[in-house]
Amino acid sequence: MPHYTAPLDDFLFLFNEFLDLKSAADVPGMEEMSPDIIEAVLTEAAKFAQEVLQPLNVVGDTIGCRHDHDTGTVTLPDGFKAAYEAYNDNGWSSLVADPDYGGQGLPGCLGLAVSEMNNAANASFAAYPGLTLGAYEVIHHHGSEEQKARYLPHMISGQWSGTMNLTEPHCGTDLGLIKTRAEKIETGDEAGKYRITGTKIWISAGEHDLSDNIVHLVLARTAGAPEGTRGISLFIVPKYTIQADGSLGEANGVRCGSIEKKMGIKSSATCEMQYTDAIGELIGEENRGLSYMFTMMNAARLVTGIQGMAMGDAAHQAAKAFAQERRQGRALTGPRDPDKPADPITVHPDVRRMLLTSRAFIEGARALALYTGLQLDIELGHPDEATRTEAGYWVAMMTPIIKAYFTDMGFEVANLGMQVHGGAGYVTDTGVEQFVRDVRITQIYEGTNGVQALDLVGRKLTANNGENLKAFFTPVFAFIAEHGDDPAMTEFIEPLKAATDALQATTQAVFTRMSQDPMEAGAASTDYLRFFALTAMAFMWAKMAKVAQDKLATGSASSGFYQAKIDTGRFFMTRMLPEHLALAAKIKAGASPIMNTQDAYL
């Protein structure tokens with residue numbers, strides 16, 4: 001079975017040498033981000049992921065969740081509840097939460113690194129605290145002071161967990177069609193609250209036996225609300241009602257009707273939630289629920305991207321270990337190990353291609369995720385408004401890219417991991433096929449990747465008078481100008497500049513064509529997002545190569561690590577980045593080859 005090893009060396013390189021933490025020095029919590037604290041947190045998180053979560057991964061896949069139809073309860077496999085209690089007791093649930101409500105207040109970018117390790121070790125388990133953190137963020141940003149005091153301390157401690165309830169049987173992405181009702185209570189002890197009635201489906205962590213209470217965030221319509229998305233409000237609906245003294249009261253009118261039988265992440269309960277006159281509290285103002293929920297959805301999209309990359313990393317680690325031990329055939333230039341009956345399969349170019357493609361994606365994606373996470377910390381916490389706004393432009397641009405590209409590639413890398421194993425990868429004994437099954441959902445939930453591409457082209461490109469785009473192109477061109485005359489950087493700067501110039505030209509062409517026909521935006525969107533992602537990854541690799549070159553020039557003791565960074569970056573620039581040429585050609589072909597075929601012949 002696979003054994004996950006957290007990439008501590010890479011995390012420490014990124015936090016201590018690659019990221020400009022000084023640019024966020026004025027962000028609350030960043031004063032704690034000394035190298036010693038960073039290493040201590042990551043080391044302990046790695047131990048927990050490796051020693052507690054990873055051993056439960058196969059158990060969770062084999063046993064899965066159990067639903068009792070009579071009681072509506074869901075039971076997780078043995079070991080999950082103890083792991084959840086240990087997770088909370090060790091302080092992981094409170095790591096990045098507000099100290100005013102019991103959190104530790106560390107920056108979110110550090111939390112993203114912990115999330116990656118949790119998801120690589122056990123994606124099913126990671127869903128529960130991950131969703132709770134998202135629900136916490138919505139209440140923290142948009143809830144009243146009374147709601148914050150009532151819910152946040154319990155959610156931060158992990159005593160209570162959280163969910164988001166959007167989808168209904170008749171609508172998924174098109175939330176304007178939701179029918180769940182919210183009727184205001186005018187008299188009695190519950191006056192001012194609402195009775196929520198309706199059915200929500202595909203609700204991750206909707207019911208389980210890990211926490212004492214589950215805080216559901218539910219989208220619903222109040223009486224007389226406008227049609228479409230303009231008439232959606234957001235409600236807090238706990239599994240158990242909350243008494244005046246803060247203790248738990250009776251069961252609320254919410255019940256898990258069933259759980260889905262799924263392809264993967266089988267111990268992450270995916271529930272049908274039935275609300276019947278459940279007592280709920282309005283968050284903020286009526287009819288603004290969707291905008292409030294986007295606080296959680298955007299954070300979830302970043303984490304989903306990281307989840308895809310993390311499971312790809314787990315599959316890559318398994319494939320690398322297998323390839324170094326498996327002996328088949330001889331090197332094309334002659335035996336590498338003539339005293340052995342065969343050479344390890346790492347001598348074969350195609351095996352090396354698969355392993356290096358995986359590594360180049362994972363390490364480049366990890367850098368882009370943490371770079372974006374730092375910008376998110378700046379957007380949310382920097383005291384200077386202009387600095388916050390500028391960071392927000394980068395985050396807005398990168399959110400759909402990270403969600404879609406990381407999960408597309410996470411699935412691709414998991415498949416490459418299976419391919420490296422050959423026939424052994426297709427059977428359950430090696431464990432690698434679980435990664436393929438588990439990671440596949442990441443391309444679908446939190447908004448399918450096609451929706452992310454439409455968001456990028458249809459909204460993000462045109463938003464803020466082009467400032468989103470400038471937030472990307474300005475630092476890239478500045479880096480190119482700064483290092484363009486450095487001969488050691490030529491092999492990185494030249495392909496980065498070529499891709500960036502081509503992306504700029506393609507962006508302008510997409511703008512022009514979609515202004516004449518909106519169908520052009522839809523036709524270009526998926527290829528355009530991947531083009532943009534490859535260019536952003538090239539920027540990360542060029543920056544990492546520069547750091548590695550500088551460290552090698554000082555005679556660093558970790559010369560093997562830094563040389564590997566340069567070699568892997570070179571592979572990305574020469575073997576992966578050129579895909580942008582084909583993507584540009586497909587975008588140029590326009591919408592007609594896609595749209596002209598009659599529906600009957602699709």
# chains A, B, ... in the order shown; residues from 1 in each chain; ligands from 1
call {"tool": "residues_around", "arguments": {"residues": "Ala127 (chain A)", "least_positions_apart": "2", "cutoff": "8 Å", "atoms": "only C-alpha atoms", "output": "NGL selection string"}}
result
:A and (123-125 or 129-131 or 204-205 or 268)
call {"tool": "select_by_dssp", "arguments": {"residues": "region 124-192 of chain A", "states": "helix (DSSP H, G or I)", "output": "ChimeraX atom specification"}}
result
/A:124-142,145-157,175-177
call {"tool": "residues_around", "arguments": {"residues": "region 512-518 of chain A", "least_positions_apart": "3", "cutoff": "10 Å", "atoms": "only C-alpha atoms", "output": "list in words"}}
result
Val457, Gly458, Thr506, Thr507, Gln508, Ala509, Ala521, Gly522, Ala523, Ala524, Lys588, Gly590 and Ala591 of chain A
call {"tool": "write_last_selection", "arguments": {"atoms": "C-alpha atoms", "output": "PDB file, in the first residue's frame"}}
result
ATOM      1  CA  VAL A 457     -13.360  34.430 -19.432  1.00  0.00           C
ATOM      2  CA  GLY A 458     -16.837  35.803 -18.842  1.00  0.00           C
ATOM      3  CA  THR A 506      -4.693  35.687 -27.246  1.00  0.00           C
ATOM      4  CA  THR A 507      -6.468  37.568 -24.466  1.00  0.00           C
ATOM      5  CA  GLN A 508      -6.978  40.550 -26.743  1.00  0.00           C
ATOM      6  CA  ALA A 509      -8.285  38.295 -29.514  1.00  0.00           C
ATOM      7  CA  ALA A 521     -16.120  33.126 -25.023  1.00  0.00           C
ATOM      8  CA  GLY A 522     -17.636  29.762 -24.171  1.00  0.00           C
ATOM      9  CA  ALA A 523     -15.779  28.013 -26.959  1.00  0.00           C
ATOM     10  CA  ALA A 524     -12.436  29.498 -25.967  1.00  0.00           C
ATOM     11  CA  LYS A 588      -8.081  30.735 -32.792  1.00  0.00           C
ATOM     12  CA  GLY A 590     -13.282  29.773 -32.786  1.00  0.00           C
ATOM     13  CA  ALA A 591     -16.747  28.544 -31.904  1.00  0.00           C
TER      14      ALA A 591
END
call {"tool": "residues_around", "arguments": {"residues": "Glu494 (chain A)", "least_positions_apart": "6", "cutoff": "12 Å", "atoms": "only C-alpha atoms", "output": "count of residues only"}}
result
19
call {"tool": "closest_residue", "arguments": {"among": "A:Ala545, A:Ile259, A:Met1, A:Met489", "to": "Ala319 (chain A)", "atoms": "only C-alpha atoms"}}
result
A:Met1
call {"tool": "decode", "arguments": {"residues": "region 9-21 of chain A", "atoms": "N, CA and C atoms", "output": "PDB file, in the first residue's frame"}}
result
ATOM      1  N   ASP A   9      10.682  19.473   2.912  1.00  0.00           N
ATOM      2  CA  ASP A   9      11.761  20.254   2.304  1.00  0.00           C
ATOM      3  C   ASP A   9      11.214  21.290   1.335  1.00  0.00           C
ATOM      4  N   ASP A  10      10.224  20.888   0.544  1.00  0.00           N
ATOM      5  CA  ASP A  10       9.657  21.812  -0.432  1.00  0.00           C
ATOM      6  C   ASP A  10       8.869  22.919   0.254  1.00  0.00           C
ATOM      7  N   PHE A  11       8.092  22.568   1.275  1.00  0.00           N
ATOM      8  CA  PHE A  11       7.359  23.597   2.020  1.00  0.00           C
ATOM      9  C   PHE A  11       8.311  24.618   2.641  1.00  0.00           C
ATOM     10  N   LEU A  12       9.381  24.151   3.251  1.00  0.00           N
ATOM     11  CA  LEU A  12      10.321  25.066   3.906  1.00  0.00           C
ATOM     12  C   LEU A  12      11.033  25.941   2.876  1.00  0.00           C
ATOM     13  N   PHE A  13      11.349  25.377   1.725  1.00  0.00           N
ATOM     14  CA  PHE A  13      11.923  26.176   0.636  1.00  0.00           C
ATOM     15  C   PHE A  13      10.964  27.288   0.226  1.00  0.00           C
ATOM     16  N   LEU A  14       9.694  26.939   0.056  1.00  0.00           N
ATOM     17  CA  LEU A  14       8.724  27.924  -0.411  1.00  0.00           C
ATOM     18  C   LEU A  14       8.477  29.012   0.631  1.00  0.00           C
ATOM     19  N   PHE A  15       8.305  28.636   1.886  1.00  0.00           N
ATOM     20  CA  PHE A  15       8.013  29.640   2.918  1.00  0.00           C
ATOM     21  C   PHE A  15       9.236  30.491   3.261  1.00  0.00           C
ATOM     22  N   ASN A  16      10.393  29.884   3.328  1.00  0.00           N
ATOM     23  CA  ASN A  16      11.576  30.590   3.836  1.00  0.00           C
ATOM     24  C   ASN A  16      12.416  31.240   2.755  1.00  0.00           C
ATOM     25  N   GLU A  17      12.285  30.779   1.498  1.00  0.00           N
ATOM     26  CA  GLU A  17      13.165  31.297   0.451  1.00  0.00           C
ATOM     27  C   GLU A  17      12.422  31.848  -0.763  1.00  0.00           C
ATOM     28  N   PHE A  18      11.256  31.297  -1.060  1.00  0.00           N
ATOM     29  CA  PHE A  18      10.547  31.680  -2.277  1.00  0.00           C
ATOM     30  C   PHE A  18       9.524  32.793  -2.037  1.00  0.00           C
ATOM     31  N   LEU A  19       8.684  32.635  -1.030  1.00  0.00           N
ATOM     32  CA  LEU A  19       7.647  33.627  -0.768  1.00  0.00           C
ATOM     33  C   LEU A  19       8.238  34.890  -0.144  1.00  0.00           C
ATOM     34  N   ASP A  20       7.675  36.017  -0.519  1.00  0.00           N
ATOM     35  CA  ASP A  20       8.088  37.298   0.068  1.00  0.00           C
ATOM     36  C   ASP A  20       7.189  37.591   1.276  1.00  0.00           C
ATOM     37  N   LEU A  21       7.482  36.949   2.391  1.00  0.00           N
ATOM     38  CA  LEU A  21       6.659  37.138   3.581  1.00  0.00           C
ATOM     39  C   LEU A  21       6.747  38.564   4.116  1.00  0.00           C
TER      40      LEU A  21
END
